[in-house]
$ cat query-v6.pdb   # PDB, C-alpha atoms
ATOM      1  CA  MET A   1     129.216 129.681  80.348
ATOM      2  CA  THR A   2     127.356 126.969  82.252
ATOM      3  CA  GLU A   3     126.316 124.109  79.987
ATOM      4  CA  LYS A   4     122.587 123.623  79.685
ATOM      5  CA  TYR A   5     120.760 120.357  79.079
ATOM      6  CA  ALA A   6     117.148 119.501  78.617
ATOM      7  CA  VAL A   7     117.534 116.728  81.179
ATOM      8  CA  VAL A   8     120.195 115.608  83.633
ATOM      9  CA  VAL A   9     119.883 111.984  84.738
ATOM     10  CA  VAL A  10     121.528 111.280  88.097
ATOM     11  CA  GLY A  11     122.540 107.623  88.152
ATOM     12  CA  GLY A  12     123.658 105.350  85.334
ATOM     13  CA  GLY A  13     122.050 102.056  86.287
ATOM     14  CA  ALA A  14     119.158 100.381  84.498
ATOM     15  CA  ALA A  15     116.686 103.140  85.408
ATOM     16  CA  GLY A  16     118.949 106.023  84.450
ATOM     17  CA  LEU A  17     120.161 104.509  81.188
ATOM     18  CA  SER A  18     116.643 103.513  80.162
ATOM     19  CA  ALA A  19     115.473 107.084  80.738
ATOM     20  CA  ALA A  20     118.452 108.424  78.803
ATOM     21  CA  LEU A  21     117.736 106.123  75.861
ATOM     22  CA  VAL A  22     114.182 107.426  75.517
ATOM     23  CA  LEU A  23     115.284 111.042  75.937
ATOM     24  CA  GLY A  24     118.085 110.706  73.411
ATOM     25  CA  ARG A  25     115.758 109.175  70.857
ATOM     26  CA  ALA A  26     113.370 112.066  71.468
ATOM     27  CA  ARG A  27     116.187 114.466  70.477
ATOM     28  CA  HIS A  28     116.664 116.023  73.913
ATOM     29  CA  ARG A  29     120.150 116.995  75.000
ATOM     30  CA  THR A  30     120.736 114.695  77.949
ATOM     31  CA  LEU A  31     123.551 114.185  80.432
ATOM     32  CA  VAL A  32     123.918 111.051  82.569
ATOM     33  CA  VAL A  33     126.024 111.478  85.711
ATOM     34  CA  ASP A  34     127.082 108.072  87.002
ATOM     35  CA  ALA A  35     129.125 107.407  90.140
ATOM     36  CA  GLY A  36     129.663 103.800  89.029
ATOM     37  CA  GLU A  37     128.222 102.106  92.122
ATOM     38  CA  PRO A  38     125.359  99.855  90.959
ATOM     39  CA  ARG A  39     123.492  97.984  93.675
ATOM     40  CA  ASN A  40     123.874  94.632  91.914
ATOM     41  CA  ALA A  41     127.645  94.922  91.404
ATOM     42  CA  PRO A  42     128.400  91.954  93.740
ATOM     43  CA  ALA A  43     126.265  89.608  91.609
ATOM     44  CA  ALA A  44     127.912  87.580  88.834
ATOM     45  CA  HIS A  45     124.702  87.396  86.825
ATOM     46  CA  MET A  46     121.236  88.916  86.761
ATOM     47  CA  GLN A  47     118.150  86.797  86.249
ATOM     48  CA  GLY A  48     114.496  87.245  85.404
ATOM     49  CA  TYR A  49     114.948  89.915  82.715
ATOM     50  CA  LEU A  50     113.470  88.518  79.502
ATOM     51  CA  THR A  51     116.178  88.109  76.782
ATOM     52  CA  ARG A  52     118.859  89.151  79.304
ATOM     53  CA  ASP A  53     118.528  86.270  81.759
ATOM     54  CA  GLY A  54     121.966  85.283  83.060
ATOM     55  CA  MET A  55     123.779  88.338  81.733
ATOM     56  CA  PRO A  56     126.501  89.815  83.990
ATOM     57  CA  PRO A  57     125.329  93.195  85.338
ATOM     58  CA  ALA A  58     128.503  94.950  84.168
ATOM     59  CA  GLU A  59     127.956  93.705  80.608
ATOM     60  CA  PHE A  60     124.319  94.859  80.714
ATOM     61  CA  LEU A  61     125.371  98.371  81.731
ATOM     62  CA  ALA A  62     128.193  98.510  79.173
ATOM     63  CA  ILE A  63     125.767  97.672  76.356
ATOM     64  CA  GLY A  64     123.326 100.240  77.730
ATOM     65  CA  ARG A  65     125.966 102.962  77.694
ATOM     66  CA  GLU A  66     126.835 102.132  74.089
ATOM     67  CA  GLU A  67     123.179 102.296  73.081
ATOM     68  CA  VAL A  68     122.448 105.687  74.648
ATOM     69  CA  ALA A  69     125.654 107.171  73.234
ATOM     70  CA  ARG A  70     124.363 106.464  69.703
ATOM     71  CA  TYR A  71     121.692 109.110  70.259
ATOM     72  CA  GLY A  72     124.046 111.822  71.446
ATOM     73  CA  VAL A  73     123.520 111.279  75.174
ATOM     74  CA  GLU A  74     126.558 112.389  77.169
ATOM     75  CA  LEU A  75     127.817 110.187  79.990
ATOM     76  CA  VAL A  76     130.223 111.297  82.670
ATOM     77  CA  ARG A  77     131.711 109.291  85.553
ATOM     78  CA  ASP A  78     131.159 111.695  88.419
ATOM     79  CA  ARG A  79     128.902 112.311  91.394
ATOM     80  CA  VAL A  80     126.246 114.975  91.907
ATOM     81  CA  VAL A  81     126.989 116.688  95.217
ATOM     82  CA  ASP A  82     124.381 119.429  95.154
ATOM     83  CA  VAL A  83     121.421 120.699  93.202
ATOM     84  CA  GLU A  84     119.560 123.994  93.409
ATOM     85  CA  ARG A  85     116.176 124.757  91.997
ATOM     86  CA  GLY A  86     115.464 128.073  90.309
ATOM     87  CA  GLU A  87     114.099 128.827  86.870
ATOM     88  CA  ASP A  88     115.830 125.547  86.053
ATOM     89  CA  PHE A  89     118.124 123.233  88.033
ATOM     90  CA  ALA A  90     121.776 123.954  88.807
ATOM     91  CA  VAL A  91     123.526 120.596  89.188
ATOM     92  CA  VAL A  92     126.941 120.600  90.897
ATOM     93  CA  LEU A  93     129.327 117.702  90.252
ATOM     94  CA  ALA A  94     132.086 116.504  92.564
ATOM     95  CA  GLY A  95     134.629 117.144  89.801
ATOM     96  CA  GLY A  96     133.884 120.870  89.955
ATOM     97  CA  ARG A  97     131.585 121.147  86.963
ATOM     98  CA  THR A  98     128.172 122.827  87.226
ATOM     99  CA  VAL A  99     125.494 122.245  84.600
ATOM    100  CA  ARG A 100     121.909 123.388  84.228
ATOM    101  CA  ALA A 101     118.897 121.296  83.351
ATOM    102  CA  ARG A 102     115.243 121.940  82.649
ATOM    103  CA  ARG A 103     114.259 118.581  84.137
ATOM    104  CA  LEU A 104     115.873 115.983  86.409
ATOM    105  CA  VAL A 105     115.665 112.214  86.676
ATOM    106  CA  VAL A 106     116.954 110.930  90.022
ATOM    107  CA  ALA A 107     117.983 107.275  89.729
ATOM    108  CA  THR A 108     120.436 107.132  92.621
ATOM    109  CA  GLY A 109     119.259 103.753  93.900
ATOM    110  CA  LEU A 110     120.079 102.531  97.391
ATOM    111  CA  LYS A 111     122.794 100.806  99.378
ATOM    112  CA  ASP A 112     122.461  97.430 101.090
ATOM    113  CA  GLU A 113     123.659  97.432 104.706
ATOM    114  CA  LEU A 114     124.611  93.859 105.583
ATOM    115  CA  PRO A 115     124.531  92.121 108.973
ATOM    116  CA  ALA A 116     127.815  92.510 110.828
ATOM    117  CA  VAL A 117     128.647  88.801 110.830
ATOM    118  CA  PRO A 118     132.171  87.849 109.708
ATOM    119  CA  GLY A 119     132.052  86.427 106.192
ATOM    120  CA  VAL A 120     128.693  87.850 105.124
ATOM    121  CA  ALA A 121     129.986  90.908 103.253
ATOM    122  CA  GLU A 122     132.790  88.921 101.599
ATOM    123  CA  ARG A 123     130.390  86.255 100.283
ATOM    124  CA  PHE A 124     127.481  88.545  99.373
ATOM    125  CA  GLY A 125     126.269  87.984  95.832
ATOM    126  CA  ARG A 126     128.071  84.641  95.637
ATOM    127  CA  ASP A 127     126.712  82.117  98.142
ATOM    128  CA  VAL A 128     125.283  84.680 100.571
ATOM    129  CA  LEU A 129     122.168  85.895  98.818
ATOM    130  CA  HIS A 130     119.124  88.049  99.472
ATOM    131  CA  CYS A 131     116.618  87.534  96.643
ATOM    132  CA  PRO A 132     115.253  84.088  95.735
ATOM    133  CA  PHE A 133     113.817  85.424  92.472
ATOM    134  CA  CYS A 134     117.328  86.567  91.522
ATOM    135  CA  HIS A 135     119.253  83.500  92.663
ATOM    136  CA  GLY A 136     116.874  80.738  93.768
ATOM    137  CA  TRP A 137     117.029  78.673  90.586
ATOM    138  CA  GLU A 138     120.828  78.632  90.565
ATOM    139  CA  VAL A 139     121.032  77.196  94.104
ATOM    140  CA  ARG A 140     117.855  75.097  94.022
ATOM    141  CA  ASP A 141     117.596  71.952  96.154
ATOM    142  CA  GLN A 142     120.748  72.692  98.138
ATOM    143  CA  PRO A 143     120.603  73.034 101.933
ATOM    144  CA  PHE A 144     119.690  76.667 102.700
ATOM    145  CA  GLY A 145     120.261  78.793 105.741
ATOM    146  CA  VAL A 146     118.477  82.064 106.444
ATOM    147  CA  LEU A 147     120.211  84.562 108.708
ATOM    148  CA  ALA A 148     117.521  86.532 110.514
ATOM    149  CA  THR A 149     117.901  90.289 110.811
ATOM    150  CA  SER A 150     114.443  90.893 112.327
ATOM    151  CA  PRO A 151     111.231  88.936 112.946
ATOM    152  CA  ALA A 152     110.331  89.803 109.319
ATOM    153  CA  SER A 153     113.006  87.319 108.245
ATOM    154  CA  VAL A 154     110.378  84.634 108.755
ATOM    155  CA  HIS A 155     108.833  85.826 105.500
ATOM    156  CA  GLN A 156     112.160  85.395 103.694
ATOM    157  CA  ALA A 157     112.544  81.873 105.089
ATOM    158  CA  LEU A 158     109.068  80.943 103.917
ATOM    159  CA  MET A 159     109.680  82.390 100.458
ATOM    160  CA  VAL A 160     112.964  80.580  99.867
ATOM    161  CA  SER A 161     111.315  77.291 100.855
ATOM    162  CA  GLN A 162     109.970  77.303  97.290
ATOM    163  CA  TRP A 163     113.515  76.468  96.111
ATOM    164  CA  SER A 164     114.728  74.101  98.859
ATOM    165  CA  LYS A 165     113.115  71.764 101.353
ATOM    166  CA  ASP A 166     116.235  71.582 103.552
ATOM    167  CA  LEU A 167     116.059  74.904 105.325
ATOM    168  CA  ARG A 168     117.220  76.330 108.664
ATOM    169  CA  LEU A 169     116.298  79.746 110.012
ATOM    170  CA  PHE A 170     119.104  81.087 112.214
ATOM    171  CA  LEU A 171     117.446  83.507 114.622
ATOM    172  CA  HIS A 172     120.770  85.192 115.424
ATOM    173  CA  THR A 173     119.793  88.255 117.510
ATOM    174  CA  VAL A 174     116.038  87.660 117.187
ATOM    175  CA  ALA A 175     114.406  86.069 120.222
ATOM    176  CA  GLU A 176     112.139  83.115 119.552
ATOM    177  CA  ALA A 177     109.469  84.883 121.626
ATOM    178  CA  GLU A 178     109.366  87.614 118.946
ATOM    179  CA  LEU A 179     107.884  85.155 116.438
ATOM    180  CA  SER A 180     104.111  85.068 116.281
ATOM    181  CA  ASP A 181     102.039  81.921 116.558
ATOM    182  CA  GLU A 182     101.196  82.304 112.872
ATOM    183  CA  ASP A 183     104.923  82.526 112.055
ATOM    184  CA  LEU A 184     105.613  79.324 113.929
ATOM    185  CA  ARG A 185     102.703  77.495 112.296
ATOM    186  CA  ARG A 186     103.836  78.475 108.824
ATOM    187  CA  LEU A 187     107.480  77.608 109.525
ATOM    188  CA  ALA A 188     106.399  74.187 110.755
ATOM    189  CA  ALA A 189     104.194  73.678 107.694
ATOM    190  CA  ALA A 190     107.134  74.560 105.439
ATOM    191  CA  ARG A 191     109.389  72.243 107.484
ATOM    192  CA  VAL A 192     111.784  75.041 108.321
ATOM    193  CA  ASP A 193     114.037  74.241 111.284
ATOM    194  CA  VAL A 194     114.289  77.210 113.657
ATOM    195  CA  VAL A 195     117.767  77.519 115.189
ATOM    196  CA  PRO A 196     118.092  79.868 118.182
ATOM    197  CA  GLY A 197     121.386  81.402 119.168
ATOM    198  CA  GLU A 198     123.647  84.122 117.807
ATOM    199  CA  VAL A 199     125.663  83.450 114.654
ATOM    200  CA  ALA A 200     129.380  84.061 115.220
ATOM    201  CA  GLU A 201     130.744  83.615 111.705
ATOM    202  CA  LEU A 202     130.468  81.865 108.381
ATOM    203  CA  VAL A 203     132.688  78.895 107.618
ATOM    204  CA  VAL A 204     134.463  79.150 104.264
ATOM    205  CA  GLU A 205     136.675  76.460 102.737
ATOM    206  CA  ASP A 206     138.424  76.684  99.343
ATOM    207  CA  ASP A 207     136.563  79.937  98.634
ATOM    208  CA  ARG A 208     133.169  78.316  99.165
ATOM    209  CA  LEU A 209     130.660  78.704 101.964
ATOM    210  CA  THR A 210     130.388  75.430 103.833
ATOM    211  CA  GLY A 211     128.680  76.283 107.097
ATOM    212  CA  VAL A 212     127.286  78.631 109.705
ATOM    213  CA  ARG A 213     128.970  78.655 113.131
ATOM    214  CA  LEU A 214     127.054  79.784 116.198
ATOM    215  CA  ALA A 215     128.531  81.581 119.197
ATOM    216  CA  ASP A 216     128.339  78.319 121.216
ATOM    217  CA  GLY A 217     130.636  76.657 118.670
ATOM    218  CA  THR A 218     127.958  74.582 116.966
ATOM    219  CA  THR A 219     128.421  74.441 113.201
ATOM    220  CA  HIS A 220     125.629  73.802 110.708
ATOM    221  CA  ALA A 221     126.641  72.627 107.241
ATOM    222  CA  ARG A 222     125.072  75.099 104.787
ATOM    223  CA  PRO A 223     126.441  75.885 101.300
ATOM    224  CA  VAL A 224     123.870  78.655 100.739
ATOM    225  CA  LEU A 225     122.777  81.443 103.080
ATOM    226  CA  PHE A 226     120.036  83.993 102.510
ATOM    227  CA  THR A 227     119.778  87.192 104.502
ATOM    228  CA  ALA A 228     117.966  90.511 104.217
ATOM    229  CA  PRO A 229     120.219  93.588 104.091
ATOM    230  CA  ARG A 230     118.917  96.842 105.499
ATOM    231  CA  PRO A 231     118.149  99.032 102.482
ATOM    232  CA  VAL A 232     119.470 102.591 102.784
ATOM    233  CA  PRO A 233     117.746 104.875 100.223
ATOM    234  CA  GLN A 234     119.966 107.431  98.503
ATOM    235  CA  THR A 235     117.553 110.344  98.829
ATOM    236  CA  GLY A 236     119.932 113.183  99.696
ATOM    237  CA  LEU A 237     119.366 115.128  96.455
ATOM    238  CA  LEU A 238     115.608 114.699  96.653
ATOM    239  CA  GLU A 239     115.584 115.917 100.238
ATOM    240  CA  ARG A 240     117.623 119.012  99.312
ATOM    241  CA  LEU A 241     115.053 119.793  96.648
ATOM    242  CA  GLY A 242     112.238 119.491  99.184
ATOM    243  CA  ALA A 243     110.641 116.312  97.832
ATOM    244  CA  GLU A 244     108.048 114.731 100.078
ATOM    245  CA  LEU A 245     109.046 111.310 101.396
ATOM    246  CA  HIS A 246     106.903 108.547 102.835
ATOM    247  CA  GLU A 247     108.046 106.095 105.476
ATOM    248  CA  THR A 248     108.013 102.364 104.751
ATOM    249  CA  PRO A 249     109.329  99.378 106.728
ATOM    250  CA  PHE A 250     112.320  99.525 104.357
ATOM    251  CA  GLY A 251     113.202 103.212 104.598
ATOM    252  CA  ALA A 252     111.829 106.556 103.409
ATOM    253  CA  TYR A 253     111.196 106.955  99.680
ATOM    254  CA  PRO A 254     109.852 109.839  97.580
ATOM    255  CA  VAL A 255     106.155 110.215  96.958
ATOM    256  CA  VAL A 256     105.716 109.757  93.189
ATOM    257  CA  ASP A 257     102.878 109.487  90.703
ATOM    258  CA  ALA A 258     102.470 106.718  88.124
ATOM    259  CA  THR A 259     105.212 108.222  85.933
ATOM    260  CA  GLY A 260     107.713 108.723  88.753
ATOM    261  CA  LEU A 261     107.073 112.467  89.125
ATOM    262  CA  THR A 262     107.944 113.581  92.652
ATOM    263  CA  THR A 263     106.255 116.387  94.574
ATOM    264  CA  VAL A 264     108.920 118.750  93.199
ATOM    265  CA  PRO A 265     107.871 120.072  89.759
ATOM    266  CA  GLY A 266     110.313 118.947  87.090
ATOM    267  CA  VAL A 267     111.884 116.142  89.151
ATOM    268  CA  TRP A 268     111.232 112.468  88.434
ATOM    269  CA  ALA A 269     112.612 109.443  90.276
ATOM    270  CA  ALA A 270     112.990 105.836  89.111
ATOM    271  CA  GLY A 271     114.455 102.482  90.071
ATOM    272  CA  ASN A 272     115.521 101.743  93.641
ATOM    273  CA  ALA A 273     115.297 105.467  94.327
ATOM    274  CA  ILE A 274     111.526 104.895  94.691
ATOM    275  CA  GLY A 275     111.518 101.518  96.467
ATOM    276  CA  PHE A 276     113.725  98.721  97.736
ATOM    277  CA  ALA A 277     112.066  95.947  95.699
ATOM    278  CA  GLU A 278     112.645  97.380  92.217
ATOM    279  CA  GLN A 279     114.440  94.695  90.191
ATOM    280  CA  VAL A 280     116.477  95.545  87.081
ATOM    281  CA  VAL A 281     113.494  94.973  84.797
ATOM    282  CA  HIS A 282     111.303  97.225  86.952
ATOM    283  CA  ALA A 283     113.981  99.907  87.066
ATOM    284  CA  ALA A 284     114.330  99.932  83.283
ATOM    285  CA  SER A 285     110.559 100.212  82.927
ATOM    286  CA  GLY A 286     110.433 103.051  85.463
ATOM    287  CA  GLY A 287     113.137 104.974  83.636
ATOM    288  CA  TYR A 288     111.215 104.580  80.374
ATOM    289  CA  ARG A 289     107.981 105.847  81.947
ATOM    290  CA  ALA A 290     109.683 108.844  83.523
ATOM    291  CA  ALA A 291     111.435 109.817  80.306
ATOM    292  CA  SER A 292     108.331 109.553  78.151
ATOM    293  CA  ALA A 293     106.468 111.757  80.628
ATOM    294  CA  ILE A 294     109.287 114.302  80.500
ATOM    295  CA  VAL A 295     109.199 114.385  76.697
ATOM    296  CA  GLY A 296     105.508 115.257  76.800
ATOM    297  CA  ASP A 297     105.983 117.755  79.625
ATOM    298  CA  LEU A 298     108.744 119.661  77.814
ATOM    299  CA  LEU A 299     106.808 119.662  74.552
ATOM    300  CA  MET A 300     103.629 121.084  76.092
ATOM    301  CA  THR A 301     105.610 123.637  78.091
ATOM    302  CA  ASP A 302     107.306 124.898  74.939
ATOM    303  CA  LEU A 303     104.089 124.924  72.900
ATOM    304  CA  ASP A 304     102.289 126.887  75.611
ATOM    305  CA  ALA A 305     105.142 129.407  75.729
ATOM    306  CA  ALA A 306     105.109 129.774  71.931
ATOM    307  CA  ALA A 307     101.349 130.279  71.899
ATOM    308  CA  GLN A 308     101.678 133.238  74.253
ATOM    309  CA  VAL A 309     104.140 135.121  72.048
TER     310      VAL A 309
END
$ encode --input "query-v6.pdb" --output "structure tokens"
Amino acid sequence: MTEKYAVVVVGGGAAGLSAALVLGRARHRTLVVDAGEPRNAPAAHMQGYLTRDGMPPAEFLAIGREEVARYGVELVRDRVVDVERGEDFAVVLAGGRTVRARRLVVATGLKDELPAVPGVAERFGRDVLHCPFCHGWEVRDQPFGVLATSPASVHQALMVSQWSKDLRLFLHTVAEAELSDEDLRRLAAARVDVVPGEVAELVVEDDRLTGVRLADGTTHARPVLFTAPRPVPQTGLLERLGAELHETPFGAYPVVDATGLTTVPGVWAAGNAIGFAEQVVHAASGGYRAASAIVGDLLMTDLDAAAQV
């Protein structure tokens, strides 16, 4: 017989585990399916989460798994490959197992697609960074570089100027003519040096970033480089269920209400599954909101059914 759960949570990051914790404490049989690919895996530490500032992401998730298991939540290392909606949801796992659920929480996050510059992927999360709120304090007052991926990288350069006053914006494949007059005024006010020319590679010595080398051979000494990956939302399951998506400059994400409920009845989304800028603390909060809404939804559904008997 196919196993049946009140809720299946797809994704075991901060959003998924937070949802599972609330559901387990509310005495709902819950299954978390986790492929083990958290977005922040390259980072040694996570910052900005009150009482957890500086904690390694892997340790955070390990503690979270222990906590949810205390309430009878089941966790499985697997991947959801398909889901069908009927009277309830049939959830198919890559390992061959199929389970049923009355409600779903989709916390599948997103993937960061990095610029194809030699050295960037290898150093990402170490001295190649993307979020000043996550890493700015740790690298404060060092010489920064910003590797442009689009004209919008001007915004990133201006933001990171809060943490360093020695800053160079490498335009890479962006033409200087693509920058607006307002961009140039703000960059000048922030004393950001604009460096035209394509970046050929990063210079690494003794396992540390030391510089940025341009295609013309010029090398700029920089121990820290910020860049903006292209976020790729993991919305395949939501699309198969027919969830409405809305386009943003950072990809297409599901339309959700204040609790994370999508346009598909019974399906909630949380964390980076609903937006590229969700930090760990936001993701945990979103999972909590979704789960508490599900608890109320299931309760009222069951009470209404009982009242009709």
$ resolve_selection --input "query-v6.pdb" --expression "the PyMOL selection byres ((chain A and resi 209-216) around 9)" --output "PyMOL selection string"
chain A and resi 119+123+127-128+145+170+172+197-208+217-225
$ atom_distance --input "query-v6.pdb" --atom1 "atom CA of A:Arg168" --atom2 "atom CA of A:Gly54"
27.5 Å
$ atom_distance --input "query-v6.pdb" --atom1 "atom CA of A:Glu74" --atom2 "atom CA of A:Asp302"
23.1 Å
$ atom_distance --input "query-v6.pdb" --atom1 "atom CA of A:Leu147" --atom2 "atom CA of A:Cys131"
12.9 Å
$ closest_residue --input "query-v6.pdb" --among "A:Arg29, A:Lys165, A:Arg85, A:Arg230" --to "A:Gly72" --atoms "all atoms listed in the file"
A:Arg29
$ resolve_selection --input "query-v6.pdb" --expression "the PyMOL selection byres ((chain A and resi 256) around 10)" --output "ChimeraX atom specification"
/A:243-246,253-255,257-264,267-270,274
$ write_last_selection --input "query-v6.pdb" --atoms "C-alpha atoms" --output "PDB file, in the frame of the given file"
ATOM      1  CA  ALA A 243     110.641 116.312  97.832  1.00  0.00           C
ATOM      2  CA  GLU A 244     108.048 114.731 100.078  1.00  0.00           C
ATOM      3  CA  LEU A 245     109.046 111.310 101.396  1.00  0.00           C
ATOM      4  CA  HIS A 246     106.903 108.547 102.835  1.00  0.00           C
ATOM      5  CA  TYR A 253     111.196 106.955  99.680  1.00  0.00           C
ATOM      6  CA  PRO A 254     109.852 109.839  97.580  1.00  0.00           C
ATOM      7  CA  VAL A 255     106.155 110.215  96.958  1.00  0.00           C
ATOM      8  CA  ASP A 257     102.878 109.487  90.703  1.00  0.00           C
ATOM      9  CA  ALA A 258     102.470 106.718  88.124  1.00  0.00           C
ATOM     10  CA  THR A 259     105.212 108.222  85.933  1.00  0.00           C
ATOM     11  CA  GLY A 260     107.713 108.723  88.753  1.00  0.00           C
ATOM     12  CA  LEU A 261     107.073 112.467  89.125  1.00  0.00           C
ATOM     13  CA  THR A 262     107.944 113.581  92.652  1.00  0.00           C
ATOM     14  CA  THR A 263     106.255 116.387  94.574  1.00  0.00           C
ATOM     15  CA  VAL A 264     108.920 118.750  93.199  1.00  0.00           C
ATOM     16  CA  VAL A 267     111.884 116.142  89.151  1.00  0.00           C
ATOM     17  CA  TRP A 268     111.232 112.468  88.434  1.00  0.00           C
ATOM     18  CA  ALA A 269     112.612 109.443  90.276  1.00  0.00           C
ATOM     19  CA  ALA A 270     112.990 105.836  89.111  1.00  0.00           C
ATOM     20  CA  ILE A 274     111.526 104.895  94.691  1.00  0.00           C
TER      21      ILE A 274
END
$ closest_residue --input "query-v6.pdb" --among "A:Phe276, A:Tyr288, A:Phe250, A:Phe89" --to "A:Thr108" --atoms "all atoms listed in the file"
A:Phe276
$ closest_residue --input "query-v6.pdb" --among "A:Val10, A:Ala41, A:Ala69, A:Ala307" --to "A:Gly24" --atoms "only C-alpha atoms"
A:Ala69
$ closest_residue --input "query-v6.pdb" --among "A:Met55, A:Val99, A:Val281, A:Ala116" --to "A:Lys4" --atoms "all atoms listed in the file"
A:Val99
$ closest_residue --input "query-v6.pdb" --among "A:Arg77, A:Arg25, A:Arg126, A:Arg103" --to "A:Gly266" --atoms "all atoms listed in the file"
A:Arg103
$ resolve_selection --input "query-v6.pdb" --expression "the PyMOL selection byres ((chain A and resi 19-22) around 10)" --output "VMD selection string"
chain A and resid 7 to 9 12 to 18 23 to 32 64 to 65 67 to 75 105 107 270 283 to 292 294 to 295
$ decode --input "query-v6.pdb" --residues "stretch 48-63 of chain A" --atoms "N, CA and C atoms" --output "compact mmCIF listing (two decimals), in the first residue's frame"
# COMPACT_ATOMS: atom_id res chain seq x y z
N GLY A 48 24.16 36.79 10.16
CA GLY A 48 22.95 37.59 10.18
C GLY A 48 21.72 36.88 10.71
N TYR A 49 21.87 35.67 11.23
CA TYR A 49 20.76 34.93 11.82
C TYR A 49 20.96 35.00 13.33
N LEU A 50 20.09 35.74 14.00
CA LEU A 50 20.25 35.98 15.44
C LEU A 50 20.40 34.67 16.21
N THR A 51 21.40 34.56 17.05
CA THR A 51 21.80 33.41 17.87
C THR A 51 22.51 32.33 17.05
N ARG A 52 22.54 32.45 15.73
CA ARG A 52 23.22 31.46 14.90
C ARG A 52 24.28 32.11 14.02
N ASP A 53 24.63 33.35 14.33
CA ASP A 53 25.60 34.09 13.53
C ASP A 53 26.95 33.39 13.56
N GLY A 54 27.49 33.09 12.39
CA GLY A 54 28.79 32.43 12.29
C GLY A 54 28.73 30.92 12.27
N MET A 55 27.55 30.34 12.37
CA MET A 55 27.44 28.88 12.39
C MET A 55 27.64 28.31 10.98
N PRO A 56 28.39 27.23 10.83
CA PRO A 56 28.51 26.57 9.52
C PRO A 56 27.15 26.07 9.05
N PRO A 57 26.80 26.28 7.79
CA PRO A 57 25.50 25.84 7.29
C PRO A 57 25.22 24.36 7.51
N ALA A 58 26.23 23.52 7.35
CA ALA A 58 26.03 22.08 7.53
C ALA A 58 25.65 21.75 8.97
N GLU A 59 26.27 22.46 9.92
CA GLU A 59 25.94 22.24 11.33
C GLU A 59 24.51 22.69 11.62
N PHE A 60 24.12 23.83 11.06
CA PHE A 60 22.76 24.35 11.22
C PHE A 60 21.73 23.31 10.75
N LEU A 61 21.97 22.73 9.58
CA LEU A 61 21.02 21.76 9.04
C LEU A 61 21.02 20.47 9.85
N ALA A 62 22.19 20.05 10.33
CA ALA A 62 22.26 18.83 11.13
C ALA A 62 21.46 18.98 12.42
N ILE A 63 21.58 20.13 13.07
CA ILE A 63 20.80 20.38 14.29
C ILE A 63 19.32 20.42 13.96
